[in-house]
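A.B. asks: Got a structure for you, written out below as structure tokens; questions coming shortly.
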Amino acid sequence: MIVAGIDVGGKNVHIVIKKDGQIIGKGTSPTGIKKAEAVEALYEQVLKQAGLTRKDVERVVATGSAAKRVAFANGSISDIAADARGVIKLFPNARTVIDVGAEEGRSIKVSPEGKILDFAINDKCAAGTGTFLEAMSRALEVSVEEMSKIAFDSTKAIPMNAQCAVFGESEVVSLIHQKTPNPDISRAVMDAIAGRMGSLARIVGLEKDVVVVGGMAKNEGFVDSLKKNIEIPVIVPDDPDYMGALGAAEAALAGVLE
Amino acid sequence: MAQQEKPVEFWRWPETNWVNPDVDWKKGKWITTGVDVGSVSTQAVVMVDGEFFAFGNTRTGSDSPNSARKGMDYALEKTEMKIENIDYCIGTGYGRVNVPMAQQSITEISCHARGANFMYGPEVKTVMDMGGQDCKVINVDDRGKVLNFMMNDKCAAGTGRGMEVFADLIRVPVWDIGPRSFQIKKQPPPISTTCVVFAKSEVVGLLEQGVSENEIMAAYCSAMAHRIMELLNRLGVKEKFVITGGIAKNEGVVKRLEKELGIKTAEQVWANPKYRKKNYPFDTQLAGALGAALFGQAFLKMGKAKSVRKTGIVE
């Protein structure tokens, strides 16, 4: 059976196509303003690369903040459900999922059976999200990738006062004026995001294994700060940003729709 | 070669200063100043024997001491007064501990309460200060003393800085947003996201959909009014209700807030009939600095503070 999972997030669309449990196609592109068009274009592209046509796909499940924009989906599941489903499939021992996306942070507690026991979401505030990091990267004029690397060269921990991304930008500018080295500022930013996510995770309770997913999980500097904040080792899957799409594909395979 | 155009800064509001022509400061016994160094703007107010004498309202720069000096110089610009002629100076606001010419500092909460009492009169019960980087609701007594307060200083939503970011995004001067937000056929639903950063993407999306700029301004102003309501509801509002700070000048937010609250804000005029008659400038951003200067007057009179004036006044 061929199924597709489509995750339409605040920043990026991710698509995974599975055949009999194997991933046979995947792709990502920016969500942009015209979300439906972005989904359509990426879906065509991924199908083409996998040598498939739309008719070959038996079931499509959407997820993400703009899941409703996938007009051709057979159904949709929540981001939380997609995360839990995707993570448990890959890591049966996972009990806590921390998902840090572009515009949302989530922490989910899952049972050994993969049931969602509890969760906490921040979708109101850019603090603790990828958007926060991007805003700081613009203020610092250092790329997000570079910040991730140089954060490891930091020699001094500087706590950021600002939680708000708007105020954070001014704080980064004043740190630059104070001649604070870029590695220390980068580390301060990573620590700030990790601090917010750590608090969110503590709301639902932290239990091993902790799996970190979402676009921010690709940022090693952030993951390092998060580990120090929660004081528990974490697992980062390959392609952590595809977890939502993967979970949606799993739901399609199981025939579970909300 | 094409001439490089200087980028327009839509958030940049004009700086102002003023000197009272009816006061001869050289005959004054006590000259006090209040310097309010906020995150976005800095005000300096000079008082002579309890009379409003001069002010400067400027933008805060990258460091507090220089911003305080700039505000003070601007206030004194049209007077012949020198820093040495001042008896006592009190710093307030976000950068209050970094005011080089100040003898002491007082929190902006106390100063705004005191300043609002002087500006609007003793009937004021609730003061909301909508500053650049925070928003405070303060319940006060008839002498301008703080009874209780509540503040949001964690989030840019519902602050002056949030409005500036919005002005820059929509490319409309910040003082035009209020009036233009009423030039609409129908009030649109408020911007749904709280966070200023997310609101930016929402606004870009609305522009893309062809929603008119004026309607988007209306949607943003009502979102801000709604956001402030949460804080007001928690502390409780009593009339006479006044708003101080920069956002008080934005009718787009103020009128929508009044509608949602069911309470009118007091008219922005001096309680003092003489000031009203003489048409002295009434600037809601001055409340903090004015309050600080008033504290200085009171301290000197009660002997709680000593004058630091270095030079005698030359007749």
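Following the order of the structure tokens, chains are lettered A, B, ..., residues in each are numbered from 1, and ligands are numbered from 1.
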List every residue of stretch 82-174 of chain B that DSSP, applied to the backbone of this structure, assigns to strand (DSSP E), and report them as a PyMOL selection string.
C.D. replies: chain B and resi 88-92+104-105+126-130+135-140+146-152
A.B. asks: Export N, CA and C atoms of the chosen residues as a JSON list (two decimals), in the first residue's frame?
C.D. replies:
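Below you can see selection_22.json, which holds the result:
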[["chain", "number", "residue", "atom", "x", "y", "z"],
["B", 88, "TYR", "N", 17.91, 69.69, 42.23],
["B", 88, "TYR", "CA", 17.78, 68.26, 42.48],
["B", 88, "TYR", "C", 17.23, 67.57, 41.25],
["B", 89, "CYS", "N", 17.79, 66.39, 40.95],
["B", 89, "CYS", "CA", 17.34, 65.65, 39.77],
["B", 89, "CYS", "C", 17.04, 64.21, 40.17],
["B", 90, "ILE", "N", 15.91, 63.70, 39.66],
["B", 90, "ILE", "CA", 15.54, 62.31, 39.95],
["B", 90, "ILE", "C", 15.40, 61.54, 38.64],
["B", 91, "GLY", "N", 16.01, 60.38, 38.60],
["B", 91, "GLY", "CA", 15.92, 59.53, 37.41],
["B", 91, "GLY", "C", 14.79, 58.52, 37.58],
["B", 92, "THR", "N", 14.13, 58.20, 36.48],
["B", 92, "THR", "CA", 13.10, 57.17, 36.52],
["B", 92, "THR", "C", 13.10, 56.42, 35.19],
["B", 104, "GLN", "N", 19.06, 60.68, 42.75],
["B", 104, "GLN", "CA", 18.44, 59.42, 43.17],
["B", 104, "GLN", "C", 17.49, 58.93, 42.09],
["B", 105, "SER", "N", 17.01, 57.71, 42.27],
["B", 105, "SER", "CA", 16.06, 57.19, 41.27],
["B", 105, "SER", "C", 14.80, 56.68, 41.96],
["B", 126, "THR", "N", -7.39, 55.33, 38.12],
["B", 126, "THR", "CA", -6.60, 54.32, 37.42],
["B", 126, "THR", "C", -5.76, 54.97, 36.32],
["B", 127, "VAL", "N", -4.47, 54.66, 36.35],
["B", 127, "VAL", "CA", -3.54, 55.16, 35.33],
["B", 127, "VAL", "C", -3.03, 53.95, 34.56],
["B", 128, "MET", "N", -3.14, 54.01, 33.26],
["B", 128, "MET", "CA", -2.48, 52.98, 32.48],
["B", 128, "MET", "C", -1.36, 53.63, 31.72],
["B", 129, "ASP", "N", -0.13, 53.17, 31.98],
["B", 129, "ASP", "CA", 1.02, 53.70, 31.25],
["B", 129, "ASP", "C", 1.36, 52.74, 30.14],
["B", 130, "MET", "N", 1.20, 53.21, 28.91],
["B", 130, "MET", "CA", 1.53, 52.35, 27.78],
["B", 130, "MET", "C", 2.83, 52.82, 27.19],
["B", 135, "CYS", "N", 3.70, 47.70, 29.68],
["B", 135, "CYS", "CA", 2.40, 48.29, 29.89],
["B", 135, "CYS", "C", 2.03, 48.06, 31.35],
["B", 136, "LYS", "N", 1.65, 49.13, 32.04],
["B", 136, "LYS", "CA", 1.32, 48.99, 33.45],
["B", 136, "LYS", "C", -0.04, 49.58, 33.74],
["B", 137, "VAL", "N", -0.78, 48.93, 34.60],
["B", 137, "VAL", "CA", -2.03, 49.49, 35.10],
["B", 137, "VAL", "C", -1.80, 49.79, 36.57],
["B", 138, "ILE", "N", -2.09, 51.03, 36.98],
["B", 138, "ILE", "CA", -1.80, 51.46, 38.34],
["B", 138, "ILE", "C", -3.06, 52.06, 38.95],
["B", 139, "ASN", "N", -3.48, 51.57, 40.10],
["B", 139, "ASN", "CA", -4.57, 52.22, 40.83],
["B", 139, "ASN", "C", -3.95, 53.18, 41.84],
["B", 140, "VAL", "N", -4.47, 54.42, 41.85],
["B", 140, "VAL", "CA", -3.84, 55.46, 42.67],
["B", 140, "VAL", "C", -4.88, 56.14, 43.56],
["B", 146, "VAL", "N", 0.55, 55.25, 44.78],
["B", 146, "VAL", "CA", 0.22, 53.96, 44.18],
["B", 146, "VAL", "C", -0.48, 53.07, 45.21],
["B", 147, "LEU", "N", -1.66, 52.55, 44.86],
["B", 147, "LEU", "CA", -2.36, 51.61, 45.73],
["B", 147, "LEU", "C", -1.98, 50.18, 45.35],
["B", 148, "ASN", "N", -2.10, 49.86, 44.08],
["B", 148, "ASN", "CA", -1.62, 48.57, 43.56],
["B", 148, "ASN", "C", -1.40, 48.70, 42.05],
["B", 149, "PHE", "N", -0.71, 47.74, 41.48],
["B", 149, "PHE", "CA", -0.43, 47.83, 40.04],
["B", 149, "PHE", "C", -0.21, 46.45, 39.46],
["B", 150, "MET", "N", -0.19, 46.39, 38.15],
["B", 150, "MET", "CA", 0.07, 45.15, 37.44],
["B", 150, "MET", "C", 0.78, 45.53, 36.15],
["B", 151, "MET", "N", 1.73, 44.72, 35.74],
["B", 151, "MET", "CA", 2.41, 45.10, 34.50],
["B", 151, "MET", "C", 2.72, 43.92, 33.60],
["B", 152, "ASN", "N", 2.86, 44.23, 32.31],
["B", 152, "ASN", "CA", 3.39, 43.27, 31.34],
["B", 152, "ASN", "C", 4.67, 43.86, 30.81]]
A.B. asks: Please give the complete set of residues from stretch 5-225 of chain A that DSSP, run on the backbone, assigns to helix (DSSP H, G or I), formatted as a CSV table (one decimal) with N, CA and C atoms, in the first residue's frame.
C.D. replies:
chain,number,residue,atom,x,y,z
A,35,LYS,N,-0.2,28.8,0.6
A,35,LYS,CA,0.1,27.5,1.2
A,35,LYS,C,-0.4,26.4,0.3
A,36,ALA,N,-1.6,26.5,-0.2
A,36,ALA,CA,-2.2,25.4,-1.0
A,36,ALA,C,-1.3,25.1,-2.2
A,37,GLU,N,-0.9,26.2,-2.8
A,37,GLU,CA,-0.1,26.1,-4.0
A,37,GLU,C,1.3,25.5,-3.7
A,38,ALA,N,1.9,25.8,-2.6
A,38,ALA,CA,3.1,25.3,-2.2
A,38,ALA,C,3.0,23.8,-2.0
A,39,VAL,N,1.9,23.3,-1.3
A,39,VAL,CA,1.7,21.9,-1.1
A,39,VAL,C,1.6,21.2,-2.4
A,40,GLU,N,0.8,21.8,-3.3
A,40,GLU,CA,0.5,21.2,-4.6
A,40,GLU,C,1.8,20.9,-5.4
A,41,ALA,N,2.6,22.0,-5.4
A,41,ALA,CA,3.9,21.9,-6.2
A,41,ALA,C,4.8,20.9,-5.6
A,42,LEU,N,4.9,20.9,-4.3
A,42,LEU,CA,5.9,19.9,-3.7
A,42,LEU,C,5.4,18.5,-3.8
A,43,TYR,N,4.1,18.3,-3.7
A,43,TYR,CA,3.5,16.9,-3.9
A,43,TYR,C,3.8,16.4,-5.2
A,44,GLU,N,3.6,17.2,-6.3
A,44,GLU,CA,3.9,16.8,-7.7
A,44,GLU,C,5.3,16.4,-7.8
A,45,GLN,N,6.2,17.2,-7.2
A,45,GLN,CA,7.6,17.0,-7.3
A,45,GLN,C,8.1,15.7,-6.7
A,46,VAL,N,7.5,15.5,-5.5
A,46,VAL,CA,7.9,14.2,-4.7
A,46,VAL,C,7.4,13.0,-5.4
A,47,LEU,N,6.2,13.1,-5.9
A,47,LEU,CA,5.6,12.0,-6.7
A,47,LEU,C,6.5,11.6,-7.9
A,48,LYS,N,6.8,12.7,-8.6
A,48,LYS,CA,7.6,12.5,-9.8
A,48,LYS,C,9.0,11.8,-9.5
A,49,GLN,N,9.6,12.3,-8.5
A,49,GLN,CA,10.9,11.8,-8.1
A,49,GLN,C,10.8,10.3,-7.7
A,54,ARG,N,-0.5,10.5,-8.9
A,54,ARG,CA,-1.4,10.7,-7.8
A,54,ARG,C,-2.3,9.4,-7.6
A,55,LYS,N,-2.6,8.7,-8.7
A,55,LYS,CA,-3.5,7.6,-8.5
A,55,LYS,C,-2.9,6.4,-7.8
A,56,ASP,N,-1.5,6.4,-7.8
A,56,ASP,CA,-0.8,5.3,-7.1
A,56,ASP,C,-1.0,5.4,-5.6
A,67,ALA,N,-3.0,22.2,8.0
A,67,ALA,CA,-3.4,20.9,7.4
A,67,ALA,C,-4.6,21.1,6.5
A,68,LYS,N,-5.5,22.0,6.9
A,68,LYS,CA,-6.7,22.2,6.1
A,68,LYS,C,-6.5,22.6,4.7
A,69,ARG,N,-5.3,23.1,4.4
A,69,ARG,CA,-5.0,23.6,3.1
A,69,ARG,C,-4.7,22.5,2.1
A,79,ASP,N,-0.9,17.9,15.1
A,79,ASP,CA,0.6,17.8,15.1
A,79,ASP,C,1.0,16.9,16.2
A,80,ILE,N,0.3,17.0,17.3
A,80,ILE,CA,0.6,16.2,18.5
A,80,ILE,C,0.5,14.7,18.2
A,81,ALA,N,-0.6,14.3,17.6
A,81,ALA,CA,-0.8,12.9,17.2
A,81,ALA,C,0.3,12.4,16.2
A,82,ALA,N,0.6,13.3,15.3
A,82,ALA,CA,1.6,12.9,14.2
A,82,ALA,C,2.9,12.7,14.9
A,83,ASP,N,3.3,13.7,15.8
A,83,ASP,CA,4.6,13.5,16.4
A,83,ASP,C,4.7,12.2,17.2
A,84,ALA,N,3.7,12.0,18.0
A,84,ALA,CA,3.7,10.8,18.9
A,84,ALA,C,3.7,9.5,18.0
A,85,ARG,N,2.9,9.5,17.0
A,85,ARG,CA,2.9,8.3,16.1
A,85,ARG,C,4.2,8.1,15.4
A,86,GLY,N,4.8,9.1,14.9
A,86,GLY,CA,6.1,9.0,14.2
A,86,GLY,C,7.2,8.6,15.1
A,87,VAL,N,7.3,9.2,16.3
A,87,VAL,CA,8.4,8.9,17.2
A,87,VAL,C,8.3,7.5,17.7
A,88,ILE,N,7.1,7.1,18.1
A,88,ILE,CA,6.9,5.7,18.7
A,88,ILE,C,7.3,4.6,17.7
A,89,LYS,N,7.0,4.9,16.4
A,89,LYS,CA,7.3,4.0,15.4
A,89,LYS,C,8.8,3.8,15.3
A,90,LEU,N,9.6,4.9,15.4
A,90,LEU,CA,11.1,4.8,15.3
A,90,LEU,C,11.7,4.4,16.6
A,130,GLY,N,11.8,28.4,16.4
A,130,GLY,CA,12.7,28.7,15.3
A,130,GLY,C,12.7,30.2,14.9
A,131,THR,N,11.5,30.7,14.9
A,131,THR,CA,11.3,32.1,14.5
A,131,THR,C,12.2,33.1,15.4
A,132,PHE,N,12.2,32.7,16.7
A,132,PHE,CA,13.0,33.5,17.6
A,132,PHE,C,14.5,33.5,17.2
A,133,LEU,N,15.0,32.3,16.9
A,133,LEU,CA,16.4,32.1,16.5
A,133,LEU,C,16.6,32.9,15.2
A,134,GLU,N,15.7,32.9,14.2
A,134,GLU,CA,15.9,33.6,13.0
A,134,GLU,C,16.0,35.1,13.2
A,135,ALA,N,15.1,35.6,14.1
A,135,ALA,CA,15.1,37.0,14.4
A,135,ALA,C,16.5,37.4,15.1
A,136,MET,N,17.0,36.6,15.9
A,136,MET,CA,18.3,36.9,16.6
A,136,MET,C,19.4,36.8,15.6
A,137,SER,N,19.3,35.8,14.6
A,137,SER,CA,20.3,35.7,13.6
A,137,SER,C,20.4,36.9,12.7
A,138,ARG,N,19.2,37.5,12.4
A,138,ARG,CA,19.2,38.8,11.6
A,138,ARG,C,19.8,39.9,12.4
A,139,ALA,N,19.5,40.0,13.7
A,139,ALA,CA,20.1,41.1,14.5
A,139,ALA,C,21.6,40.9,14.6
A,140,LEU,N,22.1,39.7,14.7
A,140,LEU,CA,23.5,39.4,14.9
A,140,LEU,C,24.2,39.4,13.6
A,144,VAL,N,21.9,31.2,10.9
A,144,VAL,CA,21.5,30.3,11.9
A,144,VAL,C,22.4,29.1,12.0
A,145,GLU,N,22.9,28.6,10.9
A,145,GLU,CA,23.8,27.5,10.8
A,145,GLU,C,25.1,27.8,11.5
A,146,GLU,N,25.6,29.0,11.2
A,146,GLU,CA,26.9,29.5,11.8
A,146,GLU,C,26.7,29.6,13.4
A,147,MET,N,25.6,30.2,13.8
A,147,MET,CA,25.3,30.3,15.2
A,147,MET,C,25.4,29.0,15.9
A,148,SER,N,24.8,28.0,15.3
A,148,SER,CA,24.8,26.6,15.8
A,148,SER,C,26.2,26.2,16.1
A,149,LYS,N,27.1,26.4,15.1
A,149,LYS,CA,28.5,26.0,15.3
A,149,LYS,C,29.2,26.8,16.3
A,150,ILE,N,29.2,28.1,16.2
A,150,ILE,CA,30.0,28.9,17.1
A,150,ILE,C,29.6,28.9,18.5
A,151,ALA,N,28.3,28.5,18.8
A,151,ALA,CA,27.9,28.4,20.1
A,151,ALA,C,28.8,27.5,21.0
A,152,PHE,N,29.4,26.5,20.3
A,152,PHE,CA,30.3,25.6,21.0
A,152,PHE,C,31.6,26.3,21.4
A,153,ASP,N,31.9,27.4,20.8
A,153,ASP,CA,33.2,28.1,21.2
A,153,ASP,C,32.9,29.1,22.3
A,165,ALA,N,10.8,38.0,21.4
A,165,ALA,CA,11.7,38.1,20.3
A,165,ALA,C,11.9,39.5,19.9
A,166,VAL,N,10.9,40.4,20.0
A,166,VAL,CA,11.1,41.8,19.7
A,166,VAL,C,12.1,42.4,20.6
A,167,PHE,N,11.9,42.2,21.9
A,167,PHE,CA,12.9,42.7,22.9
A,167,PHE,C,14.2,42.0,22.8
A,168,GLY,N,14.2,40.8,22.4
A,168,GLY,CA,15.5,40.0,22.3
A,168,GLY,C,16.4,40.6,21.2
A,169,GLU,N,15.8,41.1,20.1
A,169,GLU,CA,16.6,41.7,19.1
A,169,GLU,C,17.3,42.9,19.6
A,170,SER,N,16.6,43.8,20.4
A,170,SER,CA,17.3,44.9,21.0
A,170,SER,C,18.4,44.4,22.0
A,171,GLU,N,18.1,43.4,22.7
A,171,GLU,CA,19.1,42.9,23.6
A,171,GLU,C,20.4,42.4,22.9
A,172,VAL,N,20.2,41.7,21.8
A,172,VAL,CA,21.3,41.2,21.0
A,172,VAL,C,22.1,42.4,20.5
A,173,VAL,N,21.4,43.4,20.0
A,173,VAL,CA,22.1,44.6,19.5
A,173,VAL,C,22.9,45.3,20.7
A,174,SER,N,22.4,45.3,21.9
A,174,SER,CA,23.2,45.9,23.0
A,174,SER,C,24.3,45.0,23.4
A,175,LEU,N,24.2,43.7,23.2
A,175,LEU,CA,25.3,42.8,23.5
A,175,LEU,C,26.4,43.1,22.5
A,176,ILE,N,26.0,43.3,21.2
A,176,ILE,CA,27.0,43.6,20.2
A,176,ILE,C,27.7,44.9,20.5
A,177,HIS,N,27.0,45.9,21.0
A,177,HIS,CA,27.6,47.2,21.4
A,177,HIS,C,28.6,47.0,22.5
A,182,ASN,N,30.6,37.0,19.4
A,182,ASN,CA,29.5,36.3,18.7
A,182,ASN,C,29.3,34.9,19.3
A,183,PRO,N,30.3,34.1,19.6
A,183,PRO,CA,30.0,32.7,20.2
A,183,PRO,C,29.2,32.9,21.5
A,184,ASP,N,29.5,33.8,22.3
A,184,ASP,CA,28.8,34.0,23.6
A,184,ASP,C,27.3,34.4,23.3
A,185,ILE,N,27.1,35.3,22.4
A,185,ILE,CA,25.8,35.7,22.0
A,185,ILE,C,25.0,34.6,21.5
A,186,SER,N,25.6,33.8,20.6
A,186,SER,CA,25.0,32.6,20.0
A,186,SER,C,24.6,31.6,21.1
A,187,ARG,N,25.5,31.4,22.0
A,187,ARG,CA,25.1,30.5,23.1
A,187,ARG,C,24.0,31.0,24.0
A,188,ALA,N,24.0,32.3,24.2
A,188,ALA,CA,23.0,33.0,25.0
A,188,ALA,C,21.6,32.8,24.4
A,189,VAL,N,21.6,32.9,23.0
A,189,VAL,CA,20.3,32.7,22.3
A,189,VAL,C,19.8,31.3,22.4
A,190,MET,N,20.8,30.3,22.2
A,190,MET,CA,20.4,28.9,22.2
A,190,MET,C,19.9,28.6,23.6
A,191,ASP,N,20.6,29.1,24.7
A,191,ASP,CA,20.2,28.8,26.0
A,191,ASP,C,18.8,29.4,26.3
A,192,ALA,N,18.5,30.5,25.7
A,192,ALA,CA,17.2,31.2,25.9
A,192,ALA,C,16.1,30.3,25.4
A,193,ILE,N,16.3,29.8,24.1
A,193,ILE,CA,15.3,28.9,23.5
A,193,ILE,C,15.1,27.6,24.3
A,194,ALA,N,16.3,27.1,24.7
A,194,ALA,CA,16.3,25.8,25.4
A,194,ALA,C,15.6,26.0,26.8
A,195,GLY,N,15.8,27.2,27.4
A,195,GLY,CA,15.1,27.5,28.7
A,195,GLY,C,13.6,27.4,28.6
A,196,ARG,N,13.1,28.0,27.5
A,196,ARG,CA,11.7,28.0,27.3
A,196,ARG,C,11.2,26.6,27.0
A,197,MET,N,11.9,25.9,26.2
A,197,MET,CA,11.4,24.5,25.8
A,197,MET,C,11.5,23.6,27.0
A,198,GLY,N,12.6,23.8,27.8
A,198,GLY,CA,12.8,23.0,29.0
A,198,GLY,C,11.6,23.2,30.0
A,199,SER,N,11.2,24.5,30.2
A,199,SER,CA,10.0,24.7,31.0
A,199,SER,C,8.8,24.1,30.5
A,200,LEU,N,8.6,24.1,29.2
A,200,LEU,CA,7.4,23.5,28.6
A,200,LEU,C,7.4,22.0,28.9
A,201,ALA,N,8.6,21.4,28.7
A,201,ALA,CA,8.7,20.0,28.9
A,201,ALA,C,8.5,19.6,30.3
A,202,ARG,N,9.0,20.4,31.3
A,202,ARG,CA,8.8,20.1,32.7
A,202,ARG,C,7.3,20.2,33.1
A,203,ILE,N,6.5,20.9,32.3
A,203,ILE,CA,5.0,21.0,32.6
A,203,ILE,C,4.4,19.6,32.5
A,204,VAL,N,4.8,18.8,31.4
A,204,VAL,CA,4.2,17.5,31.2
A,204,VAL,C,5.1,16.4,31.9
A,215,GLY,N,12.3,21.2,13.2
A,215,GLY,CA,13.4,21.9,12.5
A,215,GLY,C,14.6,22.3,13.4
A,216,MET,N,14.2,22.7,14.6
A,216,MET,CA,15.3,23.2,15.5
A,216,MET,C,16.1,22.0,16.0
A,217,ALA,N,15.7,20.8,15.9
A,217,ALA,CA,16.5,19.6,16.3
A,217,ALA,C,17.7,19.5,15.5
A,218,LYS,N,17.7,20.1,14.3
A,218,LYS,CA,18.8,20.0,13.4
A,218,LYS,C,19.9,20.9,13.8
A,220,GLU,N,22.6,21.9,16.2
A,220,GLU,CA,23.3,21.2,17.3
A,220,GLU,C,23.6,22.1,18.5
A,221,GLY,N,23.8,23.3,18.2
A,221,GLY,CA,24.0,24.3,19.3
A,221,GLY,C,22.8,24.3,20.2
A,222,PHE,N,21.6,24.3,19.6
A,222,PHE,CA,20.4,24.4,20.4
A,222,PHE,C,20.2,23.0,21.2
A,223,VAL,N,20.4,21.9,20.5
A,223,VAL,CA,20.2,20.6,21.2
A,223,VAL,C,21.2,20.5,22.4
A,224,ASP,N,22.4,21.0,22.2
A,224,ASP,CA,23.4,21.0,23.3
A,224,ASP,C,22.9,21.8,24.5
A,225,SER,N,22.3,23.0,24.2
A,225,SER,CA,21.7,23.8,25.3
A,225,SER,C,20.6,23.1,26.0
A.B. asks: List as CSV every residue of chain B that is in contact with chain A, defined as an atom at most 8 Å from one of its atoms (using only C-alpha atoms), together with the nearest atom pair and the distance in Å rounded to one decimal, sorted by chain and then rising number.
C.D. replies:
residue,atom,partner,partner_atom,distance
B:Ser62,CA,A:Ser174,CA,7.0
B:Gln133,CA,A:Phe167,CA,7.7
B:Lys154,CA,A:Cys164,CA,6.2
B:Cys155,CA,A:Cys164,CA,5.1
B:Ala156,CA,A:Val166,CA,6.3
B:Gly162,CA,A:Val166,CA,7.8
B:Thr193,CA,A:Lys124,CA,6.8
B:Thr194,CA,A:Lys124,CA,5.9
B:Cys195,CA,A:Cys125,CA,5.0
B:Val196,CA,A:Val166,CA,7.3
B:Val197,CA,A:Ala126,CA,6.6
B:Phe198,CA,A:Ala126,CA,7.1
B:Gly205,CA,A:Ile33,CA,5.9
B:Glu208,CA,A:Ile33,CA,7.5
A.B. asks: For the residues in the current selection, export N, CA and C atoms as a PDB file, in the first residue's frame.
C.D. replies:
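File written: out-v1.pdb
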ATOM      1  N   SER B  62      21.433  54.123  22.180  1.00  0.00           N
ATOM      2  CA  SER B  62      21.898  52.780  22.526  1.00  0.00           C
ATOM      3  C   SER B  62      22.354  52.669  23.980  1.00  0.00           C
ATOM      4  N   GLN B 133       8.202  49.600  25.977  1.00  0.00           N
ATOM      5  CA  GLN B 133       8.518  48.194  26.147  1.00  0.00           C
ATOM      6  C   GLN B 133       7.683  47.507  27.228  1.00  0.00           C
ATOM      7  N   LYS B 154       7.024  41.452  29.621  1.00  0.00           N
ATOM      8  CA  LYS B 154       7.662  40.254  29.063  1.00  0.00           C
ATOM      9  C   LYS B 154       7.436  40.136  27.571  1.00  0.00           C
ATOM     10  N   CYS B 155       6.456  40.858  27.053  1.00  0.00           N
ATOM     11  CA  CYS B 155       5.972  40.578  25.707  1.00  0.00           C
ATOM     12  C   CYS B 155       5.705  41.906  24.992  1.00  0.00           C
ATOM     13  N   ALA B 156       6.124  41.996  23.733  1.00  0.00           N
ATOM     14  CA  ALA B 156       5.995  43.259  23.003  1.00  0.00           C
ATOM     15  C   ALA B 156       4.563  43.525  22.524  1.00  0.00           C
ATOM     16  N   GLY B 162       5.779  47.392  19.823  1.00  0.00           N
ATOM     17  CA  GLY B 162       4.978  46.556  18.933  1.00  0.00           C
ATOM     18  C   GLY B 162       4.347  47.394  17.833  1.00  0.00           C
ATOM     19  N   THR B 193      -3.105  36.597  15.966  1.00  0.00           N
ATOM     20  CA  THR B 193      -1.936  36.155  16.719  1.00  0.00           C
ATOM     21  C   THR B 193      -1.552  37.202  17.755  1.00  0.00           C
ATOM     22  N   THR B 194      -1.123  36.737  18.912  1.00  0.00           N
ATOM     23  CA  THR B 194      -0.708  37.652  19.974  1.00  0.00           C
ATOM     24  C   THR B 194       0.696  38.179  19.688  1.00  0.00           C
ATOM     25  N   CYS B 195       1.612  37.273  19.438  1.00  0.00           N
ATOM     26  CA  CYS B 195       3.026  37.632  19.295  1.00  0.00           C
ATOM     27  C   CYS B 195       3.238  38.580  18.118  1.00  0.00           C
ATOM     28  N   VAL B 196       4.003  39.646  18.360  1.00  0.00           N
ATOM     29  CA  VAL B 196       4.271  40.642  17.326  1.00  0.00           C
ATOM     30  C   VAL B 196       4.967  40.006  16.117  1.00  0.00           C
ATOM     31  N   VAL B 197       5.865  39.065  16.394  1.00  0.00           N
ATOM     32  CA  VAL B 197       6.608  38.411  15.316  1.00  0.00           C
ATOM     33  C   VAL B 197       5.658  37.604  14.429  1.00  0.00           C
ATOM     34  N   PHE B 198       4.732  36.883  15.054  1.00  0.00           N
ATOM     35  CA  PHE B 198       3.759  36.113  14.274  1.00  0.00           C
ATOM     36  C   PHE B 198       2.764  37.036  13.589  1.00  0.00           C
ATOM     37  N   GLY B 205       0.365  38.188   5.084  1.00  0.00           N
ATOM     38  CA  GLY B 205      -0.651  37.343   4.460  1.00  0.00           C
ATOM     39  C   GLY B 205      -1.891  38.138   4.068  1.00  0.00           C
ATOM     40  N   GLU B 208      -1.223  40.301   1.110  1.00  0.00           N
ATOM     41  CA  GLU B 208      -1.183  39.421  -0.059  1.00  0.00           C
ATOM     42  C   GLU B 208      -2.599  39.116  -0.565  1.00  0.00           C
TER      43      GLU B 208
END
A.B. asks: Using only C-alpha atoms, find the one residue out of B:Asn117, B:Asn17, B:Ser212, B:Gln43 that sits nearest to B:Trp270.
C.D. replies: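 Under the stated criterion, the closest residue is B:Asn117.
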A.B. asks: I'd like the neighbourhood of B:Pro189 as a list in words, where a residue qualifies if any of its atoms comes within 12 Å (using only C-alpha atoms), though same-chain residues fewer than 2 positions away should be ignored.
C.D. replies: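 Contacts, in chain order: Lys186, Gln187, Ile191, Ser192, Thr193, Leu206, Val211, Glu215, Ile216, Met217, Ala218, Ala219, Tyr220, Cys221, Ser222, Ala223 and His226 of chain B.
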A.B. asks: Distance atom CA of B:Thr159-atom CA of B:Val124, one decimal place?
C.D. replies: 22.3 Å
A.B. asks: For stretch 296-299 of chain B, please output as a ChimeraX atom specification all residues within 9 Å (counting only C-alpha atoms; exclusion window: fewer than 6 positions along the same chain).
C.D. replies: /B:30-34,47-50,87-90,305-306
A.B. asks: May I ask for the distance between atom CA of A:Ala251 and atom CA of A:Val100, given in Å to one decimal place?
C.D. replies: 21.2 Å
A.B. asks: What's the 8 Å shell around A:Gly214, counting only C-alpha atoms, without same-chain residues fewer than 4 positions away, as a list in words?
C.D. replies: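 Those residues are Asp99, Val100, Gly101, Lys218, Pro240, Asp241, Tyr242, Met243 and Gly244 of chain A.
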A.B. asks: Between B:Ala293, B:Val99, B:Val46, B:Leu286, single out the one closest to B:Arg69, counting only C-alpha atoms.
C.D. replies: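 Selected residue with least distance to B:Arg69: B:Val99.
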